[in-house]
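Below is the file query-v2.cif, which contains mmCIF, C-alpha atoms and all ligand atoms.
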data_data
loop_
_atom_site.group_PDB
_atom_site.id
_atom_site.type_symbol
_atom_site.label_atom_id
_atom_site.label_comp_id
_atom_site.auth_asym_id
_atom_site.auth_seq_id
_atom_site.Cartn_x
_atom_site.Cartn_y
_atom_site.Cartn_z
ATOM 1 C CA MET A 48 166.732 -201.319 76.475
ATOM 2 C CA LEU A 49 164.672 -204.454 75.936
ATOM 3 C CA SER A 50 162.805 -205.345 72.775
ATOM 4 C CA ILE A 51 160.726 -208.265 71.597
ATOM 5 C CA GLY A 52 160.922 -209.985 68.235
ATOM 6 C CA ILE A 53 158.306 -212.332 66.806
ATOM 7 C CA ASP A 54 158.812 -214.419 63.661
ATOM 8 C CA ILE A 55 155.609 -215.739 62.085
ATOM 9 C CA GLY A 56 156.513 -218.626 59.804
ATOM 10 C CA GLY A 57 154.350 -221.066 57.871
ATOM 11 C CA THR A 58 154.559 -223.734 60.578
ATOM 12 C CA LYS A 59 155.715 -222.024 63.785
ATOM 13 C CA ILE A 60 155.738 -218.679 65.564
ATOM 14 C CA ALA A 61 159.073 -217.999 67.292
ATOM 15 C CA GLY A 62 159.565 -215.133 69.721
ATOM 16 C CA CYS A 63 162.347 -213.733 71.860
ATOM 17 C CA LEU A 64 163.095 -210.962 74.328
ATOM 18 C CA ILE A 65 166.515 -209.391 73.703
ATOM 19 C CA ASP A 66 168.645 -206.798 75.477
ATOM 20 C CA GLY A 67 170.666 -203.975 73.905
ATOM 21 C CA ASP A 68 173.425 -206.386 72.815
ATOM 22 C CA ALA A 69 170.892 -208.727 71.167
ATOM 23 C CA LYS A 70 171.402 -211.265 73.926
ATOM 24 C CA VAL A 71 168.340 -213.534 74.056
ATOM 25 C CA LEU A 72 166.850 -213.347 77.562
ATOM 26 C CA ARG A 73 163.693 -215.354 76.919
ATOM 27 C CA GLU A 74 162.294 -217.299 73.996
ATOM 28 C CA GLU A 75 159.107 -219.109 73.049
ATOM 29 C CA ARG A 76 157.742 -221.142 70.188
ATOM 30 C CA VAL A 77 154.203 -222.257 69.232
ATOM 31 C CA PRO A 78 152.612 -223.790 66.094
ATOM 32 C CA THR A 79 151.188 -221.255 63.611
ATOM 33 C CA PRO A 80 147.407 -221.247 63.094
ATOM 34 C CA ALA A 81 148.241 -220.560 59.450
ATOM 35 C CA GLN A 82 144.709 -220.424 58.032
ATOM 36 C CA ASP A 83 142.971 -218.496 60.844
ATOM 37 C CA THR A 84 144.037 -214.843 60.966
ATOM 38 C CA GLU A 85 142.249 -213.991 64.246
ATOM 39 C CA ALA A 86 143.760 -216.995 66.035
ATOM 40 C CA LEU A 87 147.161 -216.069 64.635
ATOM 41 C CA VAL A 88 146.933 -212.484 65.956
ATOM 42 C CA ASP A 89 145.738 -213.851 69.344
ATOM 43 C CA ALA A 90 148.763 -216.178 69.463
ATOM 44 C CA VAL A 91 151.176 -213.333 68.627
ATOM 45 C CA VAL A 92 149.655 -211.018 71.270
ATOM 46 C CA ALA A 93 149.752 -213.813 73.883
ATOM 47 C CA MET A 94 153.408 -214.485 73.084
ATOM 48 C CA ILE A 95 154.339 -210.785 73.360
ATOM 49 C CA ASN A 96 152.650 -210.516 76.776
ATOM 50 C CA SER A 97 154.221 -213.750 77.971
ATOM 51 C CA LEU A 98 157.749 -212.747 76.880
ATOM 52 C CA LYS A 99 157.351 -209.324 78.474
ATOM 53 C CA VAL A 100 156.288 -210.435 81.979
ATOM 54 C CA ASP A 101 157.205 -207.406 84.162
ATOM 55 C CA ASP A 102 160.059 -206.049 82.080
ATOM 56 C CA GLU A 103 159.893 -202.672 80.408
ATOM 57 C CA VAL A 104 159.794 -203.267 76.660
ATOM 58 C CA SER A 105 160.295 -200.294 74.347
ATOM 59 C CA SER A 106 159.489 -201.887 71.006
ATOM 60 C CA VAL A 107 158.095 -205.002 69.363
ATOM 61 C CA GLY A 108 159.155 -206.258 65.929
ATOM 62 C CA VAL A 109 156.918 -208.723 64.122
ATOM 63 C CA ALA A 110 158.330 -210.525 61.087
ATOM 64 C CA ALA A 111 155.905 -212.310 58.782
ATOM 65 C CA ALA A 112 156.337 -214.486 55.716
ATOM 66 C CA GLY A 113 154.645 -212.210 53.206
ATOM 67 C CA PHE A 114 154.685 -209.018 51.183
ATOM 68 C CA ILE A 115 154.685 -206.019 53.550
ATOM 69 C CA ASP A 116 153.634 -202.556 52.360
ATOM 70 C CA ALA A 117 156.092 -199.644 52.173
ATOM 71 C CA GLU A 118 154.794 -198.094 55.424
ATOM 72 C CA GLY A 119 155.276 -201.335 57.349
ATOM 73 C CA SER A 120 151.641 -201.433 58.438
ATOM 74 C CA MET A 121 149.972 -204.066 56.298
ATOM 75 C CA VAL A 122 150.681 -207.602 55.092
ATOM 76 C CA ARG A 123 149.446 -207.418 51.500
ATOM 77 C CA TYR A 124 149.741 -211.083 50.682
ATOM 78 C CA SER A 125 151.250 -214.196 52.169
ATOM 79 C CA PRO A 126 151.567 -217.383 50.095
ATOM 80 C CA ASN A 127 151.550 -219.692 53.140
ATOM 81 C CA LEU A 128 149.421 -217.755 55.651
ATOM 82 C CA SER A 129 145.859 -216.400 55.467
ATOM 83 C CA PHE A 130 146.984 -212.726 55.370
ATOM 84 C CA ARG A 131 145.307 -210.772 52.534
ATOM 85 C CA ASN A 132 145.625 -206.960 52.886
ATOM 86 C CA GLU A 133 145.802 -207.508 56.637
ATOM 87 C CA PRO A 134 146.394 -204.376 58.809
ATOM 88 C CA LEU A 135 148.625 -206.436 61.095
ATOM 89 C CA LYS A 136 150.460 -203.555 62.786
ATOM 90 C CA ALA A 137 147.238 -201.874 63.993
ATOM 91 C CA LYS A 138 145.683 -205.163 65.099
ATOM 92 C CA ILE A 139 148.658 -205.973 67.333
ATOM 93 C CA GLN A 140 149.393 -202.389 68.412
ATOM 94 C CA GLU A 141 145.946 -201.865 69.949
ATOM 95 C CA ARG A 142 146.498 -204.840 72.265
ATOM 96 C CA VAL A 143 150.116 -204.413 73.478
ATOM 97 C CA SER A 144 152.355 -201.710 74.964
ATOM 98 C CA GLY A 145 155.608 -200.724 73.218
ATOM 99 C CA GLU A 146 155.678 -199.548 69.617
ATOM 100 C CA VAL A 147 155.006 -202.290 67.047
ATOM 101 C CA PHE A 148 156.902 -202.651 63.753
ATOM 102 C CA ILE A 149 156.145 -205.105 60.947
ATOM 103 C CA GLU A 150 158.850 -206.597 58.711
ATOM 104 C CA ASN A 151 159.221 -209.275 56.064
ATOM 105 C CA ASP A 152 160.656 -212.447 57.635
ATOM 106 C CA ALA A 153 163.553 -212.881 55.183
ATOM 107 C CA ASN A 154 164.519 -209.218 55.674
ATOM 108 C CA ALA A 155 164.463 -209.684 59.451
ATOM 109 C CA ALA A 156 166.621 -212.838 59.270
ATOM 110 C CA GLY A 157 169.055 -211.134 56.898
ATOM 111 C CA TRP A 158 169.276 -208.129 59.187
ATOM 112 C CA ALA A 159 170.135 -210.389 62.145
ATOM 113 C CA GLU A 160 172.956 -212.010 60.154
ATOM 114 C CA TYR A 161 174.204 -208.581 59.087
ATOM 115 C CA ARG A 162 174.218 -207.197 62.626
ATOM 116 C CA PHE A 163 175.117 -210.205 64.763
ATOM 117 C CA GLY A 164 175.916 -213.196 62.540
ATOM 118 C CA ALA A 165 177.865 -214.160 59.437
ATOM 119 C CA GLY A 166 177.607 -210.697 57.830
ATOM 120 C CA ARG A 167 178.853 -208.567 60.724
ATOM 121 C CA GLY A 168 181.647 -206.186 59.795
ATOM 122 C CA SER A 169 180.446 -205.852 56.183
ATOM 123 C CA LYS A 170 178.517 -202.916 54.715
ATOM 124 C CA ASN A 171 176.992 -204.575 51.645
ATOM 125 C CA MET A 172 175.535 -208.024 52.188
ATOM 126 C CA VAL A 173 173.072 -210.262 50.414
ATOM 127 C CA MET A 174 171.453 -213.172 52.183
ATOM 128 C CA VAL A 175 169.918 -216.007 50.182
ATOM 129 C CA THR A 176 167.677 -218.245 52.274
ATOM 130 C CA VAL A 177 167.404 -221.789 50.949
ATOM 131 C CA GLY A 178 164.458 -223.467 52.622
ATOM 132 C CA THR A 179 160.966 -224.431 51.481
ATOM 133 C CA GLY A 180 161.349 -221.515 49.069
ATOM 134 C CA VAL A 181 164.216 -219.157 48.251
ATOM 135 C CA GLY A 182 164.165 -215.928 50.260
ATOM 136 C CA GLY A 183 166.402 -212.922 50.065
ATOM 137 C CA ALA A 184 167.553 -209.893 52.012
ATOM 138 C CA ILE A 185 169.750 -207.072 50.733
ATOM 139 C CA VAL A 186 171.772 -204.690 52.885
ATOM 140 C CA THR A 187 173.373 -201.819 50.957
ATOM 141 C CA ASN A 188 175.675 -199.380 52.686
ATOM 142 C CA GLY A 189 174.456 -200.496 56.094
ATOM 143 C CA LYS A 190 170.739 -200.178 55.340
ATOM 144 C CA LEU A 191 168.127 -202.787 54.620
ATOM 145 C CA MET A 192 166.953 -202.386 51.014
ATOM 146 C CA ARG A 193 163.164 -202.652 50.969
ATOM 147 C CA GLY A 194 162.535 -201.116 47.542
ATOM 148 C CA GLY A 195 160.063 -198.470 46.375
ATOM 149 C CA PHE A 196 156.955 -200.390 47.423
ATOM 150 C CA GLY A 197 158.409 -202.290 50.378
ATOM 151 C CA ILE A 198 158.676 -205.657 48.647
ATOM 152 C CA GLY A 199 162.223 -205.677 47.269
ATOM 153 C CA GLY A 200 164.789 -208.414 47.751
ATOM 154 C CA GLU A 201 162.589 -211.269 46.485
ATOM 155 C CA ILE A 202 165.549 -213.123 45.042
ATOM 156 C CA GLY A 203 163.573 -216.381 44.809
ATOM 157 C CA HIS A 204 161.300 -214.853 42.197
ATOM 158 C CA MET A 205 163.961 -213.611 39.812
ATOM 159 C CA ASN A 206 163.492 -215.362 36.496
ATOM 160 C CA PHE A 207 166.009 -218.192 36.212
ATOM 161 C CA ILE A 208 164.712 -220.281 33.293
ATOM 162 C CA PRO A 209 162.521 -218.491 30.716
ATOM 163 C CA ASN A 210 159.149 -220.287 30.547
ATOM 164 C CA GLY A 211 160.394 -222.810 33.118
ATOM 165 C CA LYS A 212 158.524 -224.539 35.942
ATOM 166 C CA ASP A 213 155.355 -223.001 37.401
ATOM 167 C CA CYS A 214 155.937 -220.962 40.555
ATOM 168 C CA GLY A 215 153.567 -220.183 43.448
ATOM 169 C CA CYS A 216 153.866 -216.470 42.603
ATOM 170 C CA GLY A 217 152.026 -216.977 39.299
ATOM 171 C CA GLN A 218 155.122 -216.820 37.090
ATOM 172 C CA LYS A 219 157.209 -219.513 35.424
ATOM 173 C CA GLY A 220 160.877 -220.391 35.844
ATOM 174 C CA CYS A 221 161.623 -218.511 39.098
ATOM 175 C CA LEU A 222 164.886 -219.335 40.911
ATOM 176 C CA GLU A 223 162.812 -220.791 43.782
ATOM 177 C CA GLN A 224 161.812 -223.700 41.520
ATOM 178 C CA TYR A 225 165.500 -224.561 40.902
ATOM 179 C CA GLY A 226 167.300 -223.495 44.067
ATOM 180 C CA SER A 227 165.112 -224.289 47.117
ATOM 181 C CA GLY A 228 164.925 -227.257 49.471
ATOM 182 C CA THR A 229 161.670 -228.147 47.710
ATOM 183 C CA ALA A 230 163.491 -228.105 44.364
ATOM 184 C CA LEU A 231 166.150 -230.431 45.815
ATOM 185 C CA LEU A 232 163.451 -232.861 46.930
ATOM 186 C CA ASN A 233 161.805 -232.724 43.493
ATOM 187 C CA MET A 234 165.170 -233.449 41.832
ATOM 188 C CA GLY A 235 165.499 -236.433 44.174
ATOM 189 C CA LYS A 236 162.050 -237.706 43.158
ATOM 190 C CA ASP A 237 162.941 -237.333 39.478
ATOM 191 C CA LEU A 238 166.150 -239.272 40.076
ATOM 192 C CA VAL A 239 164.255 -242.113 41.811
ATOM 193 C CA ARG A 240 161.746 -242.225 38.932
ATOM 194 C CA SER A 241 164.586 -242.389 36.386
ATOM 195 C CA GLY A 242 165.662 -245.792 37.726
ATOM 196 C CA LYS A 243 169.318 -244.892 37.042
ATOM 197 C CA PRO A 244 172.011 -246.820 38.968
ATOM 198 C CA GLU A 245 172.916 -243.706 41.005
ATOM 199 C CA ALA A 246 169.292 -243.567 42.272
ATOM 200 C CA LYS A 247 169.753 -246.835 44.189
ATOM 201 C CA ARG A 248 170.434 -245.406 47.666
ATOM 202 C CA LEU A 249 167.538 -242.936 47.525
ATOM 203 C CA THR A 250 165.233 -245.648 46.150
ATOM 204 C CA ASP A 251 166.239 -248.010 48.969
ATOM 205 C CA LEU A 252 165.400 -245.287 51.501
ATOM 206 C CA CYS A 253 161.981 -244.305 50.130
ATOM 207 C CA GLY A 254 160.621 -247.306 48.207
ATOM 208 C CA SER A 255 158.888 -245.038 45.695
ATOM 209 C CA ALA A 256 159.430 -241.468 44.546
ATOM 210 C CA ASP A 257 156.251 -240.133 46.182
ATOM 211 C CA GLU A 258 157.484 -241.338 49.587
ATOM 212 C CA LEU A 259 160.837 -239.539 49.360
ATOM 213 C CA THR A 260 161.320 -236.878 52.078
ATOM 214 C CA GLY A 261 163.817 -234.091 52.616
ATOM 215 C CA ALA A 262 165.202 -235.989 55.631
ATOM 216 C CA MET A 263 165.993 -238.992 53.389
ATOM 217 C CA VAL A 264 167.805 -236.811 50.849
ATOM 218 C CA TYR A 265 169.718 -235.184 53.714
ATOM 219 C CA GLN A 266 170.690 -238.602 55.102
ATOM 220 C CA ALA A 267 171.907 -239.817 51.690
ATOM 221 C CA ILE A 268 173.989 -236.641 51.264
ATOM 222 C CA LEU A 269 175.599 -237.175 54.685
ATOM 223 C CA ASP A 270 176.326 -240.801 53.681
ATOM 224 C CA GLY A 271 178.210 -239.499 50.639
ATOM 225 C CA ASP A 272 175.774 -241.127 48.189
ATOM 226 C CA GLU A 273 176.680 -240.316 44.591
ATOM 227 C CA GLY A 274 173.101 -239.722 43.408
ATOM 228 C CA ALA A 275 172.162 -237.453 46.311
ATOM 229 C CA LEU A 276 175.403 -235.472 45.955
ATOM 230 C CA SER A 277 174.761 -235.028 42.212
ATOM 231 C CA ILE A 278 171.398 -233.344 42.820
ATOM 232 C CA LEU A 279 172.887 -231.178 45.588
ATOM 233 C CA ASN A 280 175.613 -230.142 43.133
ATOM 234 C CA GLN A 281 172.953 -229.175 40.604
ATOM 235 C CA LEU A 282 171.107 -227.141 43.253
ATOM 236 C CA GLY A 283 174.364 -225.389 44.203
ATOM 237 C CA LYS A 284 175.180 -224.659 40.560
ATOM 238 C CA ASN A 285 171.754 -223.086 40.068
ATOM 239 C CA LEU A 286 172.213 -220.891 43.154
ATOM 240 C CA GLY A 287 175.778 -219.949 42.184
ATOM 241 C CA THR A 288 174.674 -218.928 38.691
ATOM 242 C CA ALA A 289 172.004 -216.671 40.215
ATOM 243 C CA ILE A 290 174.519 -215.238 42.719
ATOM 244 C CA ALA A 291 176.810 -214.249 39.796
ATOM 245 C CA SER A 292 173.894 -212.186 38.438
ATOM 246 C CA ILE A 293 173.215 -210.746 41.882
ATOM 247 C CA SER A 294 176.894 -209.719 42.050
ATOM 248 C CA ALA A 295 176.632 -208.026 38.666
ATOM 249 C CA LEU A 296 173.636 -206.052 39.934
ATOM 250 C CA LEU A 297 174.453 -205.277 43.581
ATOM 251 C CA ASP A 298 178.188 -205.960 44.023
ATOM 252 C CA PRO A 299 177.938 -207.213 47.627
ATOM 253 C CA GLU A 300 181.095 -207.957 49.646
ATOM 254 C CA ILE A 301 179.533 -211.031 51.172
ATOM 255 C CA VAL A 302 176.728 -213.456 50.347
ATOM 256 C CA VAL A 303 175.300 -215.409 53.277
ATOM 257 C CA ILE A 304 173.465 -218.659 52.552
ATOM 258 C CA GLY A 305 170.788 -219.349 55.152
ATOM 259 C CA GLY A 306 167.757 -221.603 55.563
ATOM 260 C CA GLY A 307 167.494 -225.294 56.394
ATOM 261 C CA VAL A 308 169.662 -226.528 53.498
ATOM 262 C CA SER A 309 172.560 -224.315 54.657
ATOM 263 C CA VAL A 310 173.365 -226.773 57.492
ATOM 264 C CA LEU A 311 175.169 -228.798 54.773
ATOM 265 C CA GLY A 312 177.913 -226.160 54.936
ATOM 266 C CA GLU A 313 180.838 -226.568 52.549
ATOM 267 C CA THR A 314 179.127 -229.448 50.699
ATOM 268 C CA LEU A 315 176.583 -226.871 49.499
ATOM 269 C CA LEU A 316 178.956 -223.893 49.280
ATOM 270 C CA ALA A 317 181.499 -225.617 46.979
ATOM 271 C CA PRO A 318 179.195 -226.011 43.927
ATOM 272 C CA ILE A 319 177.726 -222.548 44.586
ATOM 273 C CA ARG A 320 181.234 -221.038 44.557
ATOM 274 C CA ASP A 321 182.232 -222.930 41.368
ATOM 275 C CA ALA A 322 179.160 -221.769 39.433
ATOM 276 C CA TYR A 323 179.457 -218.214 40.797
ATOM 277 C CA LEU A 324 183.053 -217.978 39.496
ATOM 278 C CA GLU A 325 182.158 -219.613 36.187
ATOM 279 C CA HIS A 326 179.415 -217.065 35.491
ATOM 280 C CA LEU A 327 180.888 -213.944 37.120
ATOM 281 C CA PRO A 328 181.163 -211.010 34.699
ATOM 282 C CA ALA A 329 184.715 -209.593 34.456
ATOM 283 C CA ARG A 330 186.109 -212.485 36.464
ATOM 284 C CA GLY A 331 189.725 -211.938 37.429
ATOM 285 C CA PHE A 332 189.342 -208.184 37.287
ATOM 286 C CA ARG A 333 187.198 -207.699 40.377
ATOM 287 C CA PRO A 334 187.333 -208.939 43.982
ATOM 288 C CA GLU A 335 185.501 -212.168 44.682
ATOM 289 C CA ILE A 336 182.707 -212.182 47.233
ATOM 290 C CA LYS A 337 182.997 -213.921 50.562
ATOM 291 C CA LEU A 338 180.554 -216.834 50.485
ATOM 292 C CA VAL A 339 179.511 -218.244 53.870
ATOM 293 C CA THR A 340 176.639 -219.997 55.618
ATOM 294 C CA ALA A 341 174.397 -218.273 58.162
ATOM 295 C CA GLU A 342 175.193 -218.412 61.871
ATOM 296 C CA LEU A 343 171.808 -217.745 63.480
ATOM 297 C CA VAL A 344 169.593 -220.172 61.544
ATOM 298 C CA ASN A 345 166.683 -220.737 63.970
ATOM 299 C CA GLU A 346 166.461 -217.472 65.880
ATOM 300 C CA ALA A 347 167.478 -215.080 63.108
ATOM 301 C CA GLY A 348 163.984 -213.861 62.165
ATOM 302 C CA ALA A 349 162.938 -213.019 65.737
ATOM 303 C CA ILE A 350 166.294 -211.423 66.660
ATOM 304 C CA GLY A 351 166.338 -209.346 63.456
ATOM 305 C CA ALA A 352 162.738 -208.206 63.971
ATOM 306 C CA ALA A 353 163.527 -207.148 67.554
ATOM 307 C CA ASP A 354 166.651 -205.237 66.511
ATOM 308 C CA LEU A 355 164.894 -203.495 63.592
ATOM 309 C CA ALA A 356 162.081 -202.488 65.979
ATOM 310 C CA ARG A 357 164.620 -201.053 68.410
ATOM 311 C CA HIS A 358 165.961 -198.826 65.642
ATOM 312 C CA GLY A 359 162.357 -198.024 64.781
ATOM 313 C CA SER A 360 161.544 -195.630 61.999
ATOM 314 C CA GLN A 361 165.267 -194.851 61.561
ATOM 315 C CA SER A 362 165.646 -198.255 59.950
ATOM 316 C CA ARG A 363 163.086 -197.395 57.272
HETATM 317 ZN ZN ZN B 401 158.008 -217.044 41.586
#
So that I can check it, write out the structure of this file as structure tokens.
Amino acid sequence: MLSIGIDIGGTKIAGCLIDGDAKVLREERVPTPAQDTEALVDAVVAMINSLKVDDEVSSVGVAAAGFIDAEGSMVRYSPNLSFRNEPLKAKIQERVSGEVFIENDANAAGWAEYRFGAGRGSKNMVMVTVGTGVGGAIVTNGKLMRGGFGIGGEIGHMNFIPNGKDCGCGQKGCLEQYGSGTALLNMGKDLVRSGKPEAKRLTDLCGSADELTGAMVYQAILDGDEGALSILNQLGKNLGTAIASISALLDPEIVVIGGGVSVLGETLLAPIRDAYLEHLPARGFRPEIKLVTAELVNEAGAIGAADLARHGSQSR
């Protein structure tokens, strides 16, 4: 049975056609018209029809970066897209065949890792996505945890520092401001501005703090630069501290770190693991979680959306 998954991100829309074993048969990618809802829906519908060609498709999953309502019909709010109380399911459903399902993008990516990636074989998994922001997905006892109003699992907006840095959600001190790729870049800028000796490599790369990019920080980390590694360590410590709290609350067997920053692998996992152990309640008297990086980084959202759609209302 074939199904289609579409992942609407802030910069690109990725889509794939998968078979019953989640094998990707076709895939496509276009830029997201992020501030024009009608153009965005047109692009999604065009991609669905293009991926389908003549094949029989039973279901279509659409993952979007935003808060989805409990019924899976509406995108209530999206920080990076123009969706505001948008009845996305109905708008797509009236223009395509196959039943349409809407899902949060981090949930879809987490579901893909749980079913086909780093989390397979587990029953209780948490995924923490470290990219522009910090996303989360929670699987408990084999089911995706969406919460009472459909918007659970927003790990990035757990309070991390009381009255800390302003967050895009309207609050202060959210984990996202201390544990995301954006936070890493901001730490790099602060280091360059400090003029400390360990800022030399980053300063040589960028000239001035405002010109520093994520790619430069990444390069300096790969070069083994002391300053760049120190800010990555701080980022990892922040994430590990939060994961100790997540363990206290949800007791997962495995935590999967996804998102762009996760390509750093063990260099990122080591400080996360250290801080997790340092802050774990009842350490030594409970099993430690398995801490790994994601396996499906780029396609995870589309594959997860397609697989959730195939399971349809049973997955809700
Ligand atoms: Zn927040």
Find the spatial neighbours of segment 136-148 of chain A, counting only C-alpha atoms, within a cut-off of 7 Å - ignore same-chain residues fewer than 2 positions away - and output them as a PDB file with C-alpha atoms, in the coordinates of the input.
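Ended up saving to result17.pdb:
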ATOM      1  CA  VAL A  88     146.933-212.484  65.956  1.00  0.00           C
ATOM      2  CA  VAL A  92     149.655-211.018  71.270  1.00  0.00           C
ATOM      3  CA  VAL A 104     159.794-203.267  76.660  1.00  0.00           C
ATOM      4  CA  SER A 105     160.295-200.294  74.347  1.00  0.00           C
ATOM      5  CA  SER A 106     159.489-201.887  71.006  1.00  0.00           C
ATOM      6  CA  VAL A 107     158.095-205.002  69.363  1.00  0.00           C
ATOM      7  CA  GLY A 108     159.155-206.258  65.929  1.00  0.00           C
ATOM      8  CA  VAL A 109     156.918-208.723  64.122  1.00  0.00           C
ATOM      9  CA  GLY A 119     155.276-201.335  57.349  1.00  0.00           C
ATOM     10  CA  SER A 120     151.641-201.433  58.438  1.00  0.00           C
ATOM     11  CA  MET A 121     149.972-204.066  56.298  1.00  0.00           C
ATOM     12  CA  PRO A 134     146.394-204.376  58.809  1.00  0.00           C
ATOM     13  CA  GLU A 150     158.850-206.597  58.711  1.00  0.00           C
ATOM     14  CA  ALA A 356     162.081-202.488  65.979  1.00  0.00           C
TER      15      ALA A 356
END
> Do you know which residues are within 12 Å of ligand ZN 401 (chain B) using only C-alpha atoms and all ligand atoms? Can you write them as an MDAnalysis selection string?
Replying inline: chainID A and resid 126 180:182 201:227
> What's the 10 Å shell around Asn188 of chain A, counting all atoms listed in the file, without same-chain residues fewer than 5 positions away, as a ChimeraX atom specification?
Replying inline: /A:169-172,299
>> Evaluate the PyMOL selection byres (((chain A and resi 334-340) around 12) and not hetatm) against this structure - the residues, as a PyMOL selection string, please.
In response: chain A and resi 157+160+164-167+169+171-177+286-287+290-291+293-295+297-321+323-325+327-333+341-344
> Could you spell out the hits of the PyMOL selection byres (((chain A and resi 232-242) around 7) and not hetatm) on the shown file, as a list in words?
Replying inline: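 When the PyMOL selection byres (((chain A and resi 232-242) around 7) and not hetatm) is applied to the shown file, the picked residues are Gly228, Thr229, Ala230, Leu231, Lys243, Pro244, Ala246, Leu249, Thr250, Ala256, Asp257, Leu259, Thr260, Gly261 and Ile278 of chain A.
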> What is the distance between atom CA of Met192 of chain A and atom CA of Leu135 of chain A, in Å to one decimal?
Replying inline: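 Between atom CA of Met192 of chain A and atom CA of Leu135 of chain A the gap is 21.3 Å.
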> Taking (159.6, -224.8, 67.1) in the file's coordinates, which residues come within 7 Å, counting all atoms listed in the file, written as a list in words?
Replying inline: Lys59, Ala61, Arg76 and Val77 of chain A
>> To one decimal place in Å, what is the distance between atom CA of Ala93 of chain A and atom CA of Pro80 of chain A?
In response: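 Here the two named atoms are 13.3 Å from each other.
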>> Could you tell me, as a list in words, exactly which residues end up selected when the PyMOL selection byres (((chain A and resi 64) around 6) and not hetatm) is applied to this structure?
In response: Ser50, Ile51, Cys63, Ile65, Val71, Leu72 and Arg73 of chain A
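Atom CA of Leu276 of chain A is positioned 15.8 Å from atom CA of Asp251 of chain A.
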> Of the candidates A:Asn96, A:Asn127, A:Ala322, A:Asn151, which one gets nearest to Thr58 of chain A if we count all atoms listed in the file?
Replying inline: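 Among A:Asn96, A:Asn127, A:Ala322, A:Asn151, it is A:Asn127 that comes nearest to Thr58 of chain A.
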Could I get segment 276-287 of chain A rebuilt with N, CA and C atoms, written as a CSV table (one decimal), keeping the file's coordinate frame?
chain,number,residue,atom,x,y,z
A,276,LEU,N,174.4,-236.6,46.1
A,276,LEU,CA,175.4,-235.5,46.0
A,276,LEU,C,175.3,-234.8,44.6
A,277,SER,N,174.9,-235.6,43.6
A,277,SER,CA,174.8,-235.0,42.2
A,277,SER,C,173.6,-234.0,42.2
A,278,ILE,N,172.5,-234.3,42.8
A,278,ILE,CA,171.4,-233.3,42.8
A,278,ILE,C,171.7,-232.1,43.7
A,279,LEU,N,172.5,-232.3,44.8
A,279,LEU,CA,172.9,-231.2,45.6
A,279,LEU,C,173.8,-230.3,44.8
A,280,ASN,N,174.7,-230.9,44.0
A,280,ASN,CA,175.6,-230.1,43.1
A,280,ASN,C,174.8,-229.3,42.1
A,281,GLN,N,173.8,-229.9,41.6
A,281,GLN,CA,173.0,-229.2,40.6
A,281,GLN,C,172.3,-228.0,41.3
A,282,LEU,N,171.7,-228.2,42.5
A,282,LEU,CA,171.1,-227.1,43.3
A,282,LEU,C,172.1,-226.0,43.5
A,283,GLY,N,173.3,-226.4,43.9
A,283,GLY,CA,174.4,-225.4,44.2
A,283,GLY,C,174.7,-224.6,42.9
A,284,LYS,N,174.9,-225.3,41.8
A,284,LYS,CA,175.2,-224.7,40.6
A,284,LYS,C,174.1,-223.6,40.2
A,285,ASN,N,172.8,-224.0,40.4
A,285,ASN,CA,171.8,-223.1,40.1
A,285,ASN,C,171.9,-221.8,40.9
A,286,LEU,N,172.1,-222.0,42.2
A,286,LEU,CA,172.2,-220.9,43.2
A,286,LEU,C,173.4,-220.0,42.8
A,287,GLY,N,174.6,-220.7,42.5
A,287,GLY,CA,175.8,-219.9,42.2
A,287,GLY,C,175.6,-219.1,40.9
